[in-house]
>>> print(open('target37.txt').read())   # compact mmCIF, C-alpha atoms
# COMPACT_ATOMS: atom_id res chain seq x y z
CA MET A 1 15.53 -7.82 -17.36
CA LYS A 2 16.78 -10.53 -19.70
CA ARG A 3 15.00 -13.78 -20.41
CA SER A 4 17.94 -15.52 -18.78
CA ASP A 5 16.95 -13.95 -15.47
CA LEU A 6 13.98 -16.31 -15.32
CA THR A 7 14.10 -19.70 -13.68
CA PRO A 8 12.59 -22.73 -15.44
CA VAL A 9 9.52 -22.41 -13.19
CA ALA A 10 8.45 -19.28 -15.09
CA GLU A 11 6.81 -21.07 -18.00
CA ALA A 12 4.49 -18.12 -18.57
CA GLY A 13 7.47 -15.77 -18.93
CA PHE A 14 6.83 -12.09 -18.52
CA GLY A 15 3.09 -12.68 -18.31
CA VAL A 16 3.59 -13.62 -14.66
CA PHE A 17 4.61 -10.06 -13.87
CA ALA A 18 2.20 -8.33 -16.25
CA LEU A 19 -0.94 -10.13 -15.12
CA PHE A 20 -0.34 -9.71 -11.42
CA ALA A 21 0.73 -6.09 -11.94
CA ALA A 22 -2.55 -5.35 -13.75
CA GLY A 23 -4.56 -6.36 -10.71
CA TYR A 24 -2.33 -4.31 -8.45
CA VAL A 25 -2.78 -1.20 -10.62
CA LEU A 26 -6.52 -1.41 -10.02
CA SER A 27 -6.01 -2.17 -6.34
CA TYR A 28 -3.91 0.94 -5.83
CA ALA A 29 -6.31 3.12 -7.83
CA LEU A 30 -9.16 2.06 -5.55
CA ARG A 31 -7.02 2.64 -2.47
CA THR A 32 -6.36 6.27 -3.40
CA ILE A 33 -9.53 7.27 -5.28
CA ASN A 34 -11.18 8.72 -2.15
CA ALA A 35 -8.61 11.53 -2.06
CA VAL A 36 -10.17 12.84 -5.31
CA ILE A 37 -13.86 12.00 -4.85
CA ALA A 38 -13.92 13.13 -1.19
CA PRO A 39 -15.55 16.52 -2.03
CA GLU A 40 -18.31 14.71 -3.95
CA LEU A 41 -18.97 12.32 -1.08
CA VAL A 42 -18.93 15.12 1.51
CA ALA A 43 -21.40 17.15 -0.56
CA GLN A 44 -23.77 14.24 -1.13
CA PHE A 45 -23.59 12.44 2.23
CA GLY A 46 -22.44 15.21 4.61
CA PHE A 47 -19.39 13.38 5.95
CA THR A 48 -17.30 14.90 8.74
CA ASN A 49 -13.53 14.42 8.77
CA ALA A 50 -13.90 11.50 11.16
CA ALA A 51 -16.66 9.90 9.05
CA LEU A 52 -14.64 10.35 5.86
CA GLY A 53 -11.64 8.75 7.52
CA ALA A 54 -13.78 5.88 8.77
CA LEU A 55 -15.23 5.30 5.29
CA SER A 56 -11.84 5.16 3.66
CA SER A 57 -10.48 3.02 6.48
CA ALA A 58 -13.18 0.38 5.91
CA TYR A 59 -11.08 -0.71 2.94
CA PHE A 60 -8.01 -1.07 5.13
CA PHE A 61 -9.90 -2.75 7.98
CA SER A 62 -11.20 -5.57 5.79
CA PHE A 63 -7.82 -5.70 4.08
CA ILE A 64 -6.19 -6.31 7.47
CA LEU A 65 -8.64 -9.06 8.42
CA MET A 66 -7.85 -10.86 5.16
CA GLN A 67 -4.08 -10.96 5.47
CA LEU A 68 -3.67 -13.99 7.75
CA PRO A 69 -6.11 -16.24 5.86
CA LEU A 70 -4.59 -14.89 2.64
CA GLY A 71 -1.17 -16.21 3.61
CA VAL A 72 -2.62 -19.67 4.24
CA TRP A 73 -4.50 -19.63 0.92
CA LEU A 74 -1.45 -18.49 -1.02
CA ASP A 75 0.72 -21.27 0.37
CA ARG A 76 -2.09 -23.83 -0.07
CA PHE A 77 -3.76 -22.91 -3.39
CA GLY A 78 -1.17 -20.74 -5.12
CA SER A 79 -1.14 -17.15 -6.32
CA ARG A 80 -3.17 -17.48 -9.52
CA ASP A 81 -6.28 -19.09 -8.05
CA THR A 82 -6.24 -16.98 -4.89
CA ASP A 83 -5.83 -13.62 -6.63
CA SER A 84 -8.30 -14.28 -9.45
CA THR A 85 -11.02 -15.24 -6.97
CA LEU A 86 -10.41 -12.20 -4.79
CA LEU A 87 -10.35 -9.77 -7.74
CA ALA A 88 -13.79 -11.02 -8.76
CA ILE A 89 -14.99 -10.15 -5.24
CA ALA A 90 -13.46 -6.67 -5.64
CA ALA A 91 -15.46 -6.22 -8.85
CA LEU A 92 -18.64 -7.00 -6.87
CA GLY A 93 -17.59 -4.45 -4.23
CA CYS A 94 -17.21 -1.75 -6.89
CA LEU A 95 -20.71 -2.47 -8.17
CA MET A 96 -22.04 -2.16 -4.63
CA PHE A 97 -20.24 1.17 -4.14
CA ALA A 98 -21.56 2.54 -7.43
CA LEU A 99 -25.14 1.61 -6.50
CA ALA A 100 -25.03 2.77 -2.84
CA THR A 101 -27.68 5.25 -1.72
CA GLU A 102 -26.81 5.47 1.99
CA ALA A 103 -23.55 6.18 3.80
CA TRP A 104 -23.53 2.75 5.48
CA MET A 105 -23.82 1.10 2.07
CA LEU A 106 -20.68 2.90 0.97
CA GLY A 107 -18.88 1.57 4.05
CA VAL A 108 -19.96 -2.02 3.38
CA ALA A 109 -19.00 -1.75 -0.28
CA ARG A 110 -15.64 -0.24 0.61
CA ALA A 111 -15.00 -3.19 2.95
CA VAL A 112 -15.88 -5.69 0.21
CA ILE A 113 -13.45 -3.93 -2.14
CA GLY A 114 -10.77 -4.21 0.54
CA ILE A 115 -11.41 -7.96 0.79
CA GLY A 116 -11.19 -8.33 -2.97
CA VAL A 117 -7.91 -6.50 -3.50
CA SER A 118 -6.26 -7.83 -0.34
CA GLY A 119 -4.11 -10.28 -2.28
CA ALA A 120 -3.16 -8.15 -5.28
CA LEU A 121 0.38 -7.35 -4.15
CA MET A 122 1.14 -10.39 -2.01
CA SER A 123 0.00 -12.82 -4.72
CA GLY A 124 2.42 -11.29 -7.17
CA LEU A 125 5.36 -11.15 -4.76
CA ARG A 126 4.85 -14.77 -3.79
CA ALA A 127 4.57 -15.85 -7.42
CA PHE A 128 7.81 -14.03 -8.23
CA ARG A 129 9.73 -15.99 -5.60
CA PHE A 130 9.05 -19.22 -7.48
CA ALA A 131 9.14 -17.79 -11.02
CA PHE A 132 12.20 -15.54 -11.04
CA ALA A 133 15.80 -15.77 -9.91
CA PRO A 134 16.46 -14.81 -6.25
CA GLU A 135 18.64 -11.81 -7.07
CA ARG A 136 15.72 -10.23 -8.97
CA GLN A 137 13.21 -10.26 -6.11
CA GLN A 138 13.78 -6.78 -4.70
CA ARG A 139 13.86 -5.23 -8.17
CA LEU A 140 10.60 -6.95 -9.10
CA ALA A 141 9.04 -5.71 -5.87
CA ALA A 142 10.07 -2.16 -6.79
CA TRP A 143 8.59 -2.57 -10.26
CA MET A 144 5.38 -3.94 -8.77
CA LEU A 145 5.09 -0.80 -6.65
CA THR A 146 5.78 1.24 -9.77
CA ALA A 147 2.78 -0.43 -11.37
CA GLY A 148 0.73 0.33 -8.28
CA THR A 149 1.69 3.97 -8.48
CA LEU A 150 0.34 4.01 -12.03
CA GLY A 151 -2.99 3.19 -10.43
CA ALA A 152 -2.55 6.11 -8.06
CA LEU A 153 -1.87 8.34 -11.07
CA ILE A 154 -5.07 7.20 -12.74
CA SER A 155 -7.02 8.14 -9.62
CA THR A 156 -5.85 11.78 -9.70
CA VAL A 157 -6.27 14.09 -12.73
CA PRO A 158 -7.77 11.40 -15.04
CA ALA A 159 -10.37 10.60 -12.38
CA GLN A 160 -10.96 14.32 -11.76
CA LEU A 161 -11.53 14.88 -15.49
CA ALA A 162 -13.90 11.92 -15.68
CA LEU A 163 -16.07 13.09 -12.78
CA PRO A 164 -18.09 15.66 -14.77
CA LEU A 165 -18.66 13.08 -17.51
CA ILE A 166 -19.60 9.91 -15.63
CA GLY A 167 -19.60 10.94 -11.95
CA TRP A 168 -18.07 9.02 -9.07
CA ARG A 169 -20.56 6.20 -9.58
CA GLY A 170 -19.47 5.80 -13.19
CA LEU A 171 -15.85 5.54 -12.08
CA PHE A 172 -16.74 2.54 -9.93
CA PHE A 173 -18.71 0.86 -12.72
CA VAL A 174 -15.59 1.13 -14.89
CA CYS A 175 -13.44 -0.29 -12.09
CA ALA A 176 -15.83 -3.23 -11.71
CA ALA A 177 -15.47 -4.10 -15.40
CA LEU A 178 -11.68 -3.82 -15.32
CA LEU A 179 -11.39 -5.97 -12.19
CA ALA A 180 -13.55 -8.68 -13.73
CA THR A 181 -11.30 -8.63 -16.80
CA ALA A 182 -8.15 -8.90 -14.65
CA ALA A 183 -9.59 -11.84 -12.71
CA ALA A 184 -10.54 -13.68 -15.90
CA SER A 185 -7.14 -12.99 -17.48
CA LEU A 186 -5.27 -14.59 -14.57
CA ARG A 187 -7.37 -17.74 -14.95
CA LEU A 188 -7.10 -17.87 -18.75
CA PHE A 189 -3.47 -16.96 -19.37
CA LEU A 190 -1.51 -18.39 -16.43
CA PRO A 191 -1.04 -22.11 -15.83
CA PRO A 192 -2.30 -23.52 -12.53
CA GLU A 193 0.28 -23.92 -9.79
CA PRO A 194 0.94 -27.29 -8.14
CA ARG A 195 -1.21 -27.63 -5.03
CA GLN A 196 0.63 -28.03 -1.73
CA PRO A 197 -0.32 -30.98 0.50
CA ALA A 198 -3.09 -29.96 2.85
CA ALA A 199 -1.64 -29.78 6.35
CA PRO A 200 -4.05 -29.80 9.31
CA LEU A 201 -5.75 -26.43 9.66
CA GLY A 202 -4.32 -25.84 13.11
CA GLU A 203 -0.82 -26.48 11.84
CA GLN A 204 -1.30 -24.00 8.98
CA TRP A 205 -2.28 -21.26 11.43
CA ARG A 206 0.38 -22.14 14.00
CA ALA A 207 3.00 -21.49 11.35
CA TYR A 208 2.25 -17.80 11.85
CA LEU A 209 3.74 -18.09 15.33
CA GLU A 210 7.12 -18.70 13.73
CA VAL A 211 6.75 -15.40 11.88
CA PHE A 212 5.41 -13.30 14.74
CA ARG A 213 7.94 -14.65 17.25
CA GLU A 214 10.84 -13.54 15.08
CA ARG A 215 12.45 -10.37 16.50
CA TYR A 216 14.05 -9.49 13.17
CA PHE A 217 10.53 -9.30 11.73
CA TRP A 218 9.51 -6.71 14.34
CA ARG A 219 12.68 -4.66 13.95
CA PHE A 220 11.54 -3.66 10.45
CA VAL A 221 7.78 -3.91 10.89
CA LEU A 222 7.60 -1.10 13.46
CA PRO A 223 9.08 1.62 11.21
CA SER A 224 6.93 0.32 8.35
CA VAL A 225 3.82 0.59 10.54
CA THR A 226 4.63 4.23 11.29
CA LEU A 227 6.61 5.82 8.46
CA GLN A 228 5.36 3.84 5.48
CA ALA A 229 1.81 3.68 6.80
CA THR A 230 1.68 7.44 7.38
CA PHE A 231 2.62 8.17 3.78
CA ILE A 232 0.06 5.72 2.37
CA ALA A 233 -2.67 7.07 4.65
CA MET A 234 -1.89 10.59 3.48
CA GLN A 235 -1.54 9.66 -0.18
CA SER A 236 -4.78 7.67 -0.24
CA LEU A 237 -6.96 10.17 1.66
CA TRP A 238 -5.56 13.05 3.68
CA ALA A 239 -3.20 14.61 1.11
CA GLY A 240 -6.20 15.89 -0.85
CA PRO A 241 -7.84 17.58 2.15
CA TRP A 242 -4.42 18.90 3.24
CA PHE A 243 -3.95 20.62 -0.12
CA THR A 244 -7.44 22.13 -0.08
CA ARG A 245 -7.96 22.95 3.61
CA VAL A 246 -4.42 23.69 4.75
CA LEU A 247 -2.83 25.11 1.59
CA GLY A 248 -6.03 26.59 0.13
CA MET A 249 -5.98 24.81 -3.24
CA SER A 250 -9.08 24.22 -5.35
CA PRO A 251 -10.17 20.59 -5.92
CA ALA A 252 -8.72 20.76 -9.45
CA GLN A 253 -5.39 22.10 -8.16
CA SER A 254 -5.35 19.41 -5.49
CA ALA A 255 -5.88 16.68 -8.11
CA GLN A 256 -3.08 18.12 -10.23
CA THR A 257 -0.76 18.20 -7.22
CA LEU A 258 -1.64 14.61 -6.36
CA LEU A 259 -0.80 13.70 -9.96
CA VAL A 260 2.64 15.28 -9.64
CA LEU A 261 3.17 13.58 -6.28
CA ASN A 262 2.35 10.18 -7.74
CA VAL A 263 4.48 10.76 -10.84
CA VAL A 264 7.43 11.48 -8.57
CA LEU A 265 6.59 8.37 -6.53
CA MET A 266 6.46 6.22 -9.67
CA LEU A 267 9.77 7.56 -10.94
CA ALA A 268 11.31 6.98 -7.52
CA TYR A 269 10.19 3.34 -7.58
CA LEU A 270 11.70 2.93 -11.04
CA LEU A 271 14.94 4.50 -9.85
CA LEU A 272 14.97 2.24 -6.81
CA GLY A 273 14.54 -0.86 -8.98
CA TRP A 274 17.55 0.25 -11.01
CA ALA A 275 19.62 1.31 -7.99
CA MET A 276 19.12 -1.57 -5.54
CA PRO A 277 21.56 -4.06 -7.13
CA ARG A 278 24.10 -1.27 -7.62
CA LEU A 279 23.79 -0.12 -4.02
CA ALA A 280 24.17 -3.71 -2.84
CA ALA A 281 27.32 -4.06 -4.92
CA ARG A 282 28.71 -0.98 -3.17
CA GLY A 283 28.04 -2.45 0.26
CA TRP A 284 24.71 -0.79 1.11
CA SER A 285 22.60 -3.10 3.26
CA THR A 286 18.79 -3.07 3.43
CA LEU A 287 19.12 -1.38 6.83
CA SER A 288 21.33 1.43 5.52
CA VAL A 289 19.00 2.13 2.61
CA THR A 290 16.03 2.16 5.01
CA VAL A 291 17.79 4.57 7.36
CA ALA A 292 18.49 7.01 4.52
CA GLY A 293 14.90 6.92 3.26
CA SER A 294 13.45 7.22 6.78
CA LEU A 295 15.52 10.33 7.54
CA LEU A 296 14.33 11.88 4.28
CA MET A 297 10.70 11.14 5.20
CA ILE A 298 10.93 12.51 8.73
CA GLY A 299 12.73 15.65 7.61
CA SER A 300 10.27 16.38 4.81
CA GLN A 301 7.27 15.96 7.15
CA MET A 302 8.80 18.44 9.56
CA VAL A 303 8.83 20.91 6.68
CA ILE A 304 5.26 19.99 5.67
CA VAL A 305 4.00 20.79 9.18
CA VAL A 306 5.24 24.39 9.04
CA ALA A 307 5.30 25.14 5.28
CA ASP A 308 2.79 27.57 3.82
CA GLY A 309 2.36 29.46 0.59
CA SER A 310 2.17 28.50 -3.07
CA TRP A 311 5.27 26.28 -2.98
CA ALA A 312 4.54 24.44 0.27
CA TRP A 313 3.35 21.36 -1.63
CA LEU A 314 6.90 20.74 -2.85
CA ALA A 315 7.79 19.40 0.60
CA TRP A 316 5.59 16.39 -0.19
CA LEU A 317 7.89 15.26 -3.02
CA PRO A 318 10.86 14.10 -0.88
CA PHE A 319 8.28 12.51 1.43
CA ALA A 320 7.20 10.36 -1.54
CA VAL A 321 10.77 9.59 -2.59
CA GLY A 322 11.74 8.41 0.89
CA VAL A 323 8.86 5.95 1.31
CA THR A 324 10.05 3.82 -1.62
CA VAL A 325 12.85 2.31 0.50
CA PHE A 326 10.30 0.24 2.40
CA THR A 327 9.57 -1.90 -0.68
CA PRO A 328 12.82 -3.90 -0.50
CA VAL A 329 12.42 -4.06 3.30
CA GLN A 330 9.28 -6.17 3.08
CA THR A 331 10.80 -8.46 0.47
CA HIS A 332 14.08 -8.76 2.39
CA VAL A 333 12.44 -9.68 5.69
CA SER A 334 9.91 -12.08 4.15
CA LEU A 335 12.56 -13.97 2.19
CA THR A 336 14.60 -14.65 5.33
CA PHE A 337 11.96 -17.22 6.31
CA ARG A 338 11.87 -20.76 4.91
CA GLY A 339 10.13 -21.25 1.56
CA ALA A 340 7.03 -22.96 2.94
CA LEU A 341 6.27 -19.78 4.91
CA THR A 342 6.67 -17.36 2.00
CA GLY A 343 3.00 -16.48 1.62
CA ARG A 344 2.44 -16.18 5.36
CA ALA A 345 5.58 -14.09 5.94
CA PHE A 346 4.59 -11.62 3.21
CA SER A 347 0.98 -11.49 4.43
CA ALA A 348 1.93 -11.04 8.09
CA PHE A 349 4.21 -8.13 7.25
CA ASN A 350 1.58 -6.62 4.97
CA MET A 351 -1.10 -7.00 7.63
CA MET A 352 0.95 -4.98 10.09
CA ILE A 353 1.52 -2.21 7.55
CA PHE A 354 -2.20 -1.97 6.91
CA VAL A 355 -2.94 -1.93 10.63
CA GLY A 356 -0.83 1.21 10.68
CA ILE A 357 -2.59 2.65 7.62
CA PHE A 358 -6.03 1.91 9.05
CA LEU A 359 -5.25 3.49 12.41
CA THR A 360 -3.55 6.51 10.86
CA GLN A 361 -6.27 7.17 8.30
CA TRP A 362 -9.05 6.86 10.87
CA LEU A 363 -7.46 8.43 13.94
CA PHE A 364 -5.94 11.32 12.01
CA GLY A 365 -9.45 12.50 11.11
CA VAL A 366 -10.66 11.91 14.67
CA LEU A 367 -7.75 13.96 16.04
CA VAL A 368 -8.28 16.82 13.60
CA ASP A 369 -11.96 17.05 14.57
CA ALA A 370 -11.12 16.82 18.30
CA LEU A 371 -8.48 19.56 18.08
CA GLY A 372 -11.04 21.80 16.45
CA ALA A 373 -13.99 20.98 18.72
CA ARG A 374 -12.21 20.81 22.09
CA LEU A 375 -9.29 23.20 21.70
CA GLY A 376 -10.88 25.55 19.20
CA LEU A 377 -8.06 25.23 16.68
CA GLU A 378 -8.83 26.32 13.14
CA GLN A 379 -8.84 23.39 10.74
CA ALA A 380 -5.52 24.17 9.03
CA LEU A 381 -3.72 24.34 12.38
CA ALA A 382 -5.47 21.17 13.59
CA PHE A 383 -4.12 19.33 10.54
CA ARG A 384 -0.59 20.56 11.27
CA VAL A 385 -0.71 19.62 14.96
CA ALA A 386 -2.08 16.15 14.15
CA LEU A 387 0.74 15.45 11.69
CA GLY A 388 3.24 16.60 14.31
CA GLY A 389 1.98 13.87 16.62
CA TRP A 390 2.48 11.24 13.93
CA ILE A 391 6.03 12.43 13.32
CA ALA A 392 6.84 11.84 17.00
CA LEU A 393 5.69 8.21 16.69
CA GLN A 394 7.83 7.76 13.59
CA VAL A 395 10.92 9.05 15.36
CA LEU A 396 10.44 6.50 18.14
CA ALA A 397 10.08 3.61 15.68
CA PHE A 398 13.10 4.80 13.71
CA ALA A 399 15.24 4.90 16.86
CA LEU A 400 14.17 1.35 17.73
CA MET A 401 15.13 0.09 14.28
CA ILE A 402 18.59 1.62 14.65
CA GLY A 403 19.22 0.43 18.18
CA TRP A 404 17.73 -3.08 18.09
CA ARG A 405 20.63 -5.34 17.05
CA VAL A 406 19.02 -8.62 16.01
CA LYS A 407 19.92 -11.00 13.19
CA PRO A 408 17.62 -12.61 10.60
CA PRO A 409 16.17 -16.10 11.19
CA GLY A 410 18.93 -18.71 11.37
CA GLY A 411 21.52 -16.14 12.44
CA GLN A 412 22.51 -15.23 8.88
CA SER A 413 24.01 -11.86 8.03
CA ALA A 414 21.63 -8.93 7.83
CA ALA A 415 23.72 -7.15 5.25
CA VAL A 416 21.50 -8.01 2.31
>>> encode(input="target37.txt", output="structure tokens")
Amino acid sequence: MKRSDLTPVAEAGFGVFALFAAGYVLSYALRTINAVIAPELVAQFGFTNAALGALSSAYFFSFILMQLPLGVWLDRFGSRDTDSTLLAIAALGCLMFALATEAWMLGVARAVIGIGVSGALMSGLRAFRFAFAPERQQRLAAWMLTAGTLGALISTVPAQLALPLIGWRGLFFVCAALLATAAASLRLFLPPEPRQPAAPLGEQWRAYLEVFRERYFWRFVLPSVTLQATFIAMQSLWAGPWFTRVLGMSPAQSAQTLLVLNVVLMLAYLLLGWAMPRLAARGWSTLSVTVAGSLLMIGSQMVIVVADGSWAWLAWLPFAVGVTVFTPVQTHVSLTFRGALTGRAFSAFNMMIFVGIFLTQWLFGVLVDALGARLGLEQALAFRVALGGWIALQVLAFALMIGWRVKPPGGQSAAV
């Protein structure tokens, strides 16, 4: 990116991206850390699959509850003030998690962390709309997800190596310190944004009706709620247990495999950021890119369900590559709304994604336990059958996206 790509609004230059990306790195690391520390938590607190899923989902549940007020706050107070305040709350949540002595305390702390990191991505994406040229938005979104994947990388082998030295509690003390630093940096190094006039509270919330009534919004939300959400739910929790309980890996091997998976994901996001303007120049629309990635995801999961042996984990790599196409989808749909709704459009879309993640992460564990208890399936087979059910839902959402011919708000072309 050249300096000329910036609009005059971006007085802080590249610091706008760097400071928001730093918070998102930590957000993503906390989202996925349970996939690595799950054996430690199971050993210490005796969690079942359902309880482990519920614990991890507490993050997503509070995250979901925050999205609608987050959109109002972003449009009212700006990205800097909103995100810095929330990251400070996330630091408190990490301290609570590190000090927890009962399972319920972990759940409460996990929910507080979810509240605190709920604006990490949306704050940055909203700030970019007003700080960078319009043609750079989808590329910046891809780079933001690349930064997030760096957080996922940190939560794999580096976290696994740190466990014997500082334990899972020590990891959360470190996260608390880093989050506090990120929150302070946003306040210190970015200028305040102009405050928007305070509309009546009812009017601020009614603006969401404009978003949720838009059919074009739902055309893309539904595949995101199924395909994208399934990958994130697996990446952030169930991939680790899949590698150990279905494929028979050791915890160390599982962490190494998660590292490879997240490296591939990060490289795919980088490639997408490079490729999007070139694909657009060749006539590829957001829909066509999404179709290609969705087919790759569905096909790779079909292989994952049946694959066994030492190389079965390789089927997860195209699964990770395919999910990256949903990054420009969220940006594309959100930017079709008028500027005053930017924060709320991003937050509404994000809320729906995390509804899907929450339900998948929780209900997947419930279904695995039920298949074992009621049908007597061994755990590895229960995992495979459960994923097969999620694939069926994804196919339905994919078919709806293809067949539902609706245009963006205002009747503009959907080719972008």
>>> atom_distance(input="target37.txt", atom1="atom CA of A:Ala182", atom2="atom CA of A:Leu145")
17.5 Å
>>> atom_distance(input="target37.txt", atom1="atom CA of A:Leu296", atom2="atom CA of A:Leu121")
25.2 Å
>>> residues_near_point(input="target37.txt", point="(0.7, -13.2, 8.1)", cutoff="7 Å", atoms="only C-alpha atoms", output="mmCIF file with C-alpha atoms, in the frame of the given file")
data_model
loop_
_atom_site.group_PDB
_atom_site.id
_atom_site.type_symbol
_atom_site.label_atom_id
_atom_site.label_comp_id
_atom_site.auth_asym_id
_atom_site.auth_seq_id
_atom_site.Cartn_x
_atom_site.Cartn_y
_atom_site.Cartn_z
ATOM 1 C CA GLN A 67 -4.080 -10.960 5.470
ATOM 2 C CA LEU A 68 -3.670 -13.990 7.750
ATOM 3 C CA GLY A 71 -1.170 -16.210 3.610
ATOM 4 C CA TYR A 208 2.250 -17.800 11.850
ATOM 5 C CA ARG A 344 2.440 -16.180 5.360
ATOM 6 C CA ALA A 345 5.580 -14.090 5.940
ATOM 7 C CA PHE A 346 4.590 -11.620 3.210
ATOM 8 C CA SER A 347 0.980 -11.490 4.430
ATOM 9 C CA ALA A 348 1.930 -11.040 8.090
ATOM 10 C CA PHE A 349 4.210 -8.130 7.250
ATOM 11 C CA MET A 351 -1.100 -7.000 7.630
#
>>> closest_residue(input="target37.txt", among="A:Trp311, A:Trp316, A:Trp284, A:Tyr59", to="A:Leu259", atoms="only C-alpha atoms")
A:Trp316
>>> closest_residue(input="target37.txt", among="A:Trp104, A:Phe383, A:Phe97, A:Phe172", to="A:Ala239", atoms="all atoms listed in the file")
A:Phe383
>>> closest_residue(input="target37.txt", among="A:Val72, A:Ala180, A:Val385, A:Leu375", to="A:Leu87", atoms="only C-alpha atoms")
A:Ala180
